[in-house]
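Student: Just dropping this structure here.
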Amino acid sequence: MDAQRAYRRVSGTFGFFALLFSTAVGTAVVADGALSRSRVEWTPALVLAGIAVVGAVALRAGRKVASAGYVEASRRRRRAGFSPAFPFTLAAWVLAAAGFGAVAGTAVVAGELRDAESRARLQALVDFPRPILLLFAGLVLLAAAGYYSWRFRERHELLALQAAGIAVLVEPEPPRPIQATRLWLVGTLVDAALFAGAIVPRLLSDDDRPTWAELLTGGFGVLAGPAVVSFSILLLMMVNWSTRRSAWRALSHPASLGALALVAIGYALDAGAGLSVVGAVIGVAGILLGSITCLNIMTRGAQPWMGLLYLAGNYVYGYLTAPNGDYVLPQGVTGWIIAVLAAAYAIREAIKHYREWTAVEPPPF
C-alpha cells in the first residue's frame, strides 16, 4: 500500500522531535532553579532517568503481553476489538521523554551557566510561556506514541489478525469535492473560533479596540489559514529527506499544483505587470483553493500522520496567532473557554482522521 510504504520512511522523525521538545521542556524547568543557584543539581535528573528507564522497559514488556492477549481474544470472538498498544506506548514515551528531558536539560543548563550571554538565553527560555511549550511537547509525544504504536500493531497484531481471517486494514477512498470542502470548513471553524477568542476581549475593551486593518488581516488569515499551515508543513517536510516523498505526493496533486500556480500568477501580475487588482483576485483564488483542498495534506502521503500534523499545526496557528500577528496566550476567560472548545473540536477531528486511516474490518468473502 502506498501510504503504508510512505510512512515507514518517517520512522526516526517522530522520535527525534519528541526528544527534542522534551529537552526544551527539561531545560526550561532545570534553568528556572539553576539560574538563581548558579549551579545545577544532577541527582533529581538521574533519579528520574532511572525511573523512566525501568518504567519504559516494563511498559514495553507489558505491551507485548497485552497485545498477545488481545490477538488471542480477537481470535476467540472472531472480530478485532480495541488494541492496548497505544496506551502502553504513550505511557512509555511519556516516561522516556521525562527522563531524557531531565538529563539532557540538566546537561544543557550546566553548559550554559558560563557567561552572561548564555544565561540570558536560558532566561529567555524560562520566560517563554510554559503552557505553549508543554502544548508543543504534548502534541509531539502524542504523534510519536500514535506512530510507534501503529508500527507495533503492524508487526504483532495486524498480520496475525489477517492470517486468521479476522480483519484487514482498509484505507479510505479519496475524498469527493464535498468532503474536501468539509475539511476546509474544519480548519476554518477552528481558526475562526480562536480568532474570536483573541479579538472579542479587545472589542469589549475601551482602550485596545482593534483597527479595521487588523480585523481584515485577521479575517483573511482565518480563510487562508489551512493553506498557510499546509504549505508551511509541506515545505518543512520537503527539507527532511525522510518525509520528502510524502510531501511531494501531496504537492504534486493537480489541485495543489493549480493552487500554487494561481498564487504565483497572481504575484507575477501584481509585482511584474502592475495589474494589482487582477493579480490580487487570482492570488486570493489560489489561496482559497489551497485552503479548500488543504494542499492534499490530509489525503496523500504518509497518512494518518500528515493529517494529524496538519490538524495540530492548524490549532497551534490559530491558538497562538493574535490579530496583529503576535504569539500570545488566550486573553481572559472568554479566550480560554474558546481555546479549550476549539482544542476539543480539533482533537475530535484528529481521532476521526486517525480511525479512518487505521480502520480494520472483516475481510470480504
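Simple scheme: letters A, B, ... for chains in C-alpha cells order, numbers from 1 for residues in each chain, numbers from 1 for ligands in the order shown.
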DSSP says strand (DSSP E or B) for which residues of range 119-348 of chain A? Put them as a list in words?
Tutor: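 Selecting the strand (DSSP E or B) positions of range 119-348 of chain A gives Val168, Leu169, Thr321 and Tyr327 of chain A.
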Student: Which polymer residues have any atom within 10 Å of an atom of Glu356 in chain A, counting only C-alpha atoms, with same-chain residues fewer than 2 positions away left out, as number ranges by chain?
Tutor: A: 170-173, 303-304, 350-354, 358-360
Student: Calculated over only C-alpha atoms, which of the candidates A:Ala261, A:Leu251, A:Leu48, A:Phe82 has the smallest distance to Met237 in chain A?
Tutor: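 Of A:Ala261, A:Leu251, A:Leu48, A:Phe82, the one nearest Met237 in chain A, counting only C-alpha atoms, is A:Leu251.
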Student: Hey, what's within 9 Å of range 14-30 of chain A if we count only C-alpha atoms and toss same-chain stuff fewer than 4 positions away? As a ChimeraX atom specification, please?
Tutor: /A:10,34-35,40-41,93,96-109,122-123,125-128,130,133-134,136-145,147-148
Student: Okay, now the selection with C-alpha atoms, as a PDB file, in the first residue's frame?
Tutor:
ATOM      1  CA  VAL A  10       9.471   8.815   8.590  1.00  0.00           C
ATOM      2  CA  ALA A  34      19.598  26.760  38.398  1.00  0.00           C
ATOM      3  CA  LEU A  35      19.807  30.425  37.390  1.00  0.00           C
ATOM      4  CA  VAL A  40      22.723  22.501  38.565  1.00  0.00           C
ATOM      5  CA  GLU A  41      21.592  19.530  40.626  1.00  0.00           C
ATOM      6  CA  TRP A  93       7.071   7.589  25.683  1.00  0.00           C
ATOM      7  CA  ALA A  96      11.170   8.159  28.333  1.00  0.00           C
ATOM      8  CA  ALA A  97      10.684  11.811  27.371  1.00  0.00           C
ATOM      9  CA  ALA A  98      10.615  12.895  31.013  1.00  0.00           C
ATOM     10  CA  GLY A  99      13.824  11.037  31.829  1.00  0.00           C
ATOM     11  CA  PHE A 100      15.649  12.094  28.683  1.00  0.00           C
ATOM     12  CA  GLY A 101      14.447  15.681  29.003  1.00  0.00           C
ATOM     13  CA  ALA A 102      15.618  15.905  32.605  1.00  0.00           C
ATOM     14  CA  VAL A 103      19.129  14.606  31.845  1.00  0.00           C
ATOM     15  CA  ALA A 104      19.541  16.476  28.559  1.00  0.00           C
ATOM     16  CA  GLY A 105      18.094  19.661  30.053  1.00  0.00           C
ATOM     17  CA  THR A 106      20.442  19.474  33.016  1.00  0.00           C
ATOM     18  CA  ALA A 107      23.408  18.973  30.677  1.00  0.00           C
ATOM     19  CA  VAL A 108      22.352  21.956  28.549  1.00  0.00           C
ATOM     20  CA  VAL A 109      21.936  24.222  31.562  1.00  0.00           C
ATOM     21  CA  LEU A 122      18.390  30.407  29.397  1.00  0.00           C
ATOM     22  CA  GLN A 123      16.349  33.210  30.952  1.00  0.00           C
ATOM     23  CA  LEU A 125      13.591  30.068  27.606  1.00  0.00           C
ATOM     24  CA  VAL A 126      12.411  30.280  31.232  1.00  0.00           C
ATOM     25  CA  ASP A 127      10.306  33.344  30.384  1.00  0.00           C
ATOM     26  CA  PHE A 128       8.726  31.617  27.369  1.00  0.00           C
ATOM     27  CA  ARG A 130       5.251  27.298  29.801  1.00  0.00           C
ATOM     28  CA  LEU A 133       5.996  24.754  25.490  1.00  0.00           C
ATOM     29  CA  LEU A 134       4.050  21.945  27.138  1.00  0.00           C
ATOM     30  CA  PHE A 136       4.139  21.582  21.712  1.00  0.00           C
ATOM     31  CA  ALA A 137       5.754  18.751  23.677  1.00  0.00           C
ATOM     32  CA  GLY A 138       2.397  17.067  24.288  1.00  0.00           C
ATOM     33  CA  LEU A 139       1.426  17.191  20.624  1.00  0.00           C
ATOM     34  CA  VAL A 140       4.746  15.693  19.549  1.00  0.00           C
ATOM     35  CA  LEU A 141       4.504  12.945  22.190  1.00  0.00           C
ATOM     36  CA  LEU A 142       1.005  12.029  21.046  1.00  0.00           C
ATOM     37  CA  ALA A 143       2.240  11.857  17.454  1.00  0.00           C
ATOM     38  CA  ALA A 144       5.206   9.671  18.437  1.00  0.00           C
ATOM     39  CA  ALA A 145       3.038   7.342  20.509  1.00  0.00           C
ATOM     40  CA  TYR A 147       3.150   6.280  15.112  1.00  0.00           C
ATOM     41  CA  TYR A 148       5.154   3.727  17.107  1.00  0.00           C
TER      42      TYR A 148
END
Student: Which of range 94-330 of chain A counts as alpha helix (DSSP H) under DSSP, as number ranges by chain please?
Tutor: A: 94-112, 116-127, 130-153, 159-163, 177-204, 212-239, 241-251, 254-271, 276-293, 305-320
Student: What is the distance between CA of Ala58 in chain A and CA of Ala91 in chain A, in Å to one decimal?
Tutor: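 Straight-line distance from CA of Ala58 in chain A to CA of Ala91 in chain A works out to 10.5 Å.
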Student: Contacts of Ile178 in chain A at 12 Å or less, counting only C-alpha atoms, minus same-chain residues fewer than 6 places along, as a list in words?
Tutor: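 The contact residues come out as Trp184, Leu185, Ile292 and Thr293 of chain A.
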Student: Write the residues of the preceding selection, restricted to C-alpha atoms, as a PDB file, in the first residue's frame.
Tutor:
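And here's selection.pdb as it stands now:
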ATOM      1  CA  TRP A 184     -11.563  23.202   4.803  1.00  0.00           C
ATOM      2  CA  LEU A 185     -14.506  24.184   6.973  1.00  0.00           C
ATOM      3  CA  ILE A 292     -10.242  24.144   0.486  1.00  0.00           C
ATOM      4  CA  THR A 293      -8.009  21.250  -0.595  1.00  0.00           C
TER       5      THR A 293
END
Student: Let me make sure I understand: among A:Gln162, A:Ser205, A:Asn314, A:Thr299, which one has the smallest atom-to-atom distance to Ser232 in chain A if we use only C-alpha atoms?
Tutor: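 Using only C-alpha atoms, Ser232 in chain A sits closest to A:Asn314.
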Student: Set the distance at 12 Å and use only C-alpha atoms: which residues neighbour Val57 in chain A once local chain neighbours fewer than 5 positions away are removed? I'd like the list as a list in words.
Tutor: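 Contacts, with the query itself left out: Gly50, Ile51, Ala52, Gly62, Arg63, Lys64, Phe88, Thr89, Ala91, Ala92, Trp93, Leu95 and Ala96 of chain A.
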Student: For the selection just defined, write its residues with N, CA, C and O atoms to a file, as a PDB file, in the first residue's frame.
Tutor:
ATOM      1  N   GLY A  50      16.488   7.062  35.847  1.00  0.00           N
ATOM      2  CA  GLY A  50      16.450   5.658  36.246  1.00  0.00           C
ATOM      3  C   GLY A  50      15.030   5.128  36.325  1.00  0.00           C
ATOM      4  O   GLY A  50      14.740   4.016  35.839  1.00  0.00           O
ATOM      5  N   ILE A  51      14.133   5.912  36.920  1.00  0.00           N
ATOM      6  CA  ILE A  51      12.729   5.504  36.998  1.00  0.00           C
ATOM      7  C   ILE A  51      12.134   5.378  35.602  1.00  0.00           C
ATOM      8  O   ILE A  51      11.382   4.434  35.305  1.00  0.00           O
ATOM      9  N   ALA A  52      12.491   6.319  34.711  1.00  0.00           N
ATOM     10  CA  ALA A  52      11.957   6.305  33.352  1.00  0.00           C
ATOM     11  C   ALA A  52      12.414   5.063  32.590  1.00  0.00           C
ATOM     12  O   ALA A  52      11.622   4.435  31.871  1.00  0.00           O
ATOM     13  N   GLY A  62       4.974  -5.143  29.075  1.00  0.00           N
ATOM     14  CA  GLY A  62       3.539  -5.256  29.306  1.00  0.00           C
ATOM     15  C   GLY A  62       2.741  -5.099  28.029  1.00  0.00           C
ATOM     16  O   GLY A  62       1.710  -5.765  27.845  1.00  0.00           O
ATOM     17  N   ARG A  63       3.210  -4.220  27.135  1.00  0.00           N
ATOM     18  CA  ARG A  63       2.513  -4.048  25.857  1.00  0.00           C
ATOM     19  C   ARG A  63       2.521  -5.338  25.045  1.00  0.00           C
ATOM     20  O   ARG A  63       1.507  -5.707  24.437  1.00  0.00           O
ATOM     21  N   LYS A  64       3.644  -6.031  25.053  1.00  0.00           N
ATOM     22  CA  LYS A  64       3.738  -7.271  24.286  1.00  0.00           C
ATOM     23  C   LYS A  64       2.799  -8.335  24.842  1.00  0.00           C
ATOM     24  O   LYS A  64       2.117  -9.043  24.088  1.00  0.00           O
ATOM     25  N   PHE A  88      -0.159   1.774  26.199  1.00  0.00           N
ATOM     26  CA  PHE A  88       1.150   1.336  26.685  1.00  0.00           C
ATOM     27  C   PHE A  88       2.265   2.154  26.037  1.00  0.00           C
ATOM     28  O   PHE A  88       3.219   2.575  26.707  1.00  0.00           O
ATOM     29  N   THR A  89       2.153   2.381  24.731  1.00  0.00           N
ATOM     30  CA  THR A  89       3.192   3.130  24.029  1.00  0.00           C
ATOM     31  C   THR A  89       3.249   4.576  24.497  1.00  0.00           C
ATOM     32  O   THR A  89       4.334   5.139  24.687  1.00  0.00           O
ATOM     33  N   ALA A  91       2.327   5.816  27.447  1.00  0.00           N
ATOM     34  CA  ALA A  91       2.896   5.867  28.796  1.00  0.00           C
ATOM     35  C   ALA A  91       4.416   5.680  28.760  1.00  0.00           C
ATOM     36  O   ALA A  91       5.165   6.374  29.466  1.00  0.00           O
ATOM     37  N   ALA A  92       4.884   4.759  27.913  1.00  0.00           N
ATOM     38  CA  ALA A  92       6.323   4.529  27.803  1.00  0.00           C
ATOM     39  C   ALA A  92       7.033   5.759  27.254  1.00  0.00           C
ATOM     40  O   ALA A  92       8.116   6.134  27.730  1.00  0.00           O
ATOM     41  N   TRP A  93       6.445   6.405  26.260  1.00  0.00           N
ATOM     42  CA  TRP A  93       7.071   7.589  25.683  1.00  0.00           C
ATOM     43  C   TRP A  93       7.048   8.770  26.637  1.00  0.00           C
ATOM     44  O   TRP A  93       7.989   9.579  26.663  1.00  0.00           O
ATOM     45  N   LEU A  95       7.250   8.569  29.913  1.00  0.00           N
ATOM     46  CA  LEU A  95       8.338   8.301  30.856  1.00  0.00           C
ATOM     47  C   LEU A  95       9.703   8.536  30.212  1.00  0.00           C
ATOM     48  O   LEU A  95      10.585   9.180  30.807  1.00  0.00           O
ATOM     49  N   ALA A  96       9.884   8.000  29.006  1.00  0.00           N
ATOM     50  CA  ALA A  96      11.170   8.159  28.333  1.00  0.00           C
ATOM     51  C   ALA A  96      11.475   9.627  28.069  1.00  0.00           C
ATOM     52  O   ALA A  96      12.617  10.082  28.252  1.00  0.00           O
TER      53      ALA A  96
END
Student: Please compute the CA of Ala193 in chain A-CA of Gly283 in chain A distance, one decimal, in Å.
Tutor: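 Separating CA of Ala193 in chain A from CA of Gly283 in chain A is a distance of 25.1 Å.
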Student: Under the rule that only C-alpha atoms are counted, which of A:Thr43, A:Pro87, A:Val278, A:Ala163 is the nearest residue to Val71 in chain A?
Tutor: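 Among the listed residues, A:Ala163 lies closest to Val71 in chain A.
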Student: Mind giving me the straight-line distance from CA of Ser83 in chain A to CA of Leu158 in chain A in Å, one decimal?
Tutor: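 Atom-to-atom, CA of Ser83 in chain A and CA of Leu158 in chain A are spaced 10.4 Å apart.
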Student: Near Leu113 in chain A, counting only C-alpha atoms, which residues have an atom at most 8 Å away, once you skip same-chain residues fewer than 5 positions from it, shown as an MDAnalysis selection string?
Tutor: chainID A and resid 35 38:39 118:119
Student: Would you mind listing what lies within 7 Å of Gly279 in chain A as a ChimeraX atom specification, with only C-alpha atoms counted and same-chain residues fewer than 3 positions away left out?
Tutor: /A:266-267,269-270,275-276,282-283
Student: Which residue is closest to Met298 in chain A? Choose from A:Thr13, A:Thr188, A:Thr181, A:Ser230 and count only C-alpha atoms.
Tutor: A:Ser230
Student: Which residue out of A:Leu234, A:Ala302, A:Leu341, A:Leu159 has the minimum interatomic distance to Trp357 in chain A when only C-alpha atoms are used?
Tutor: A:Ala302
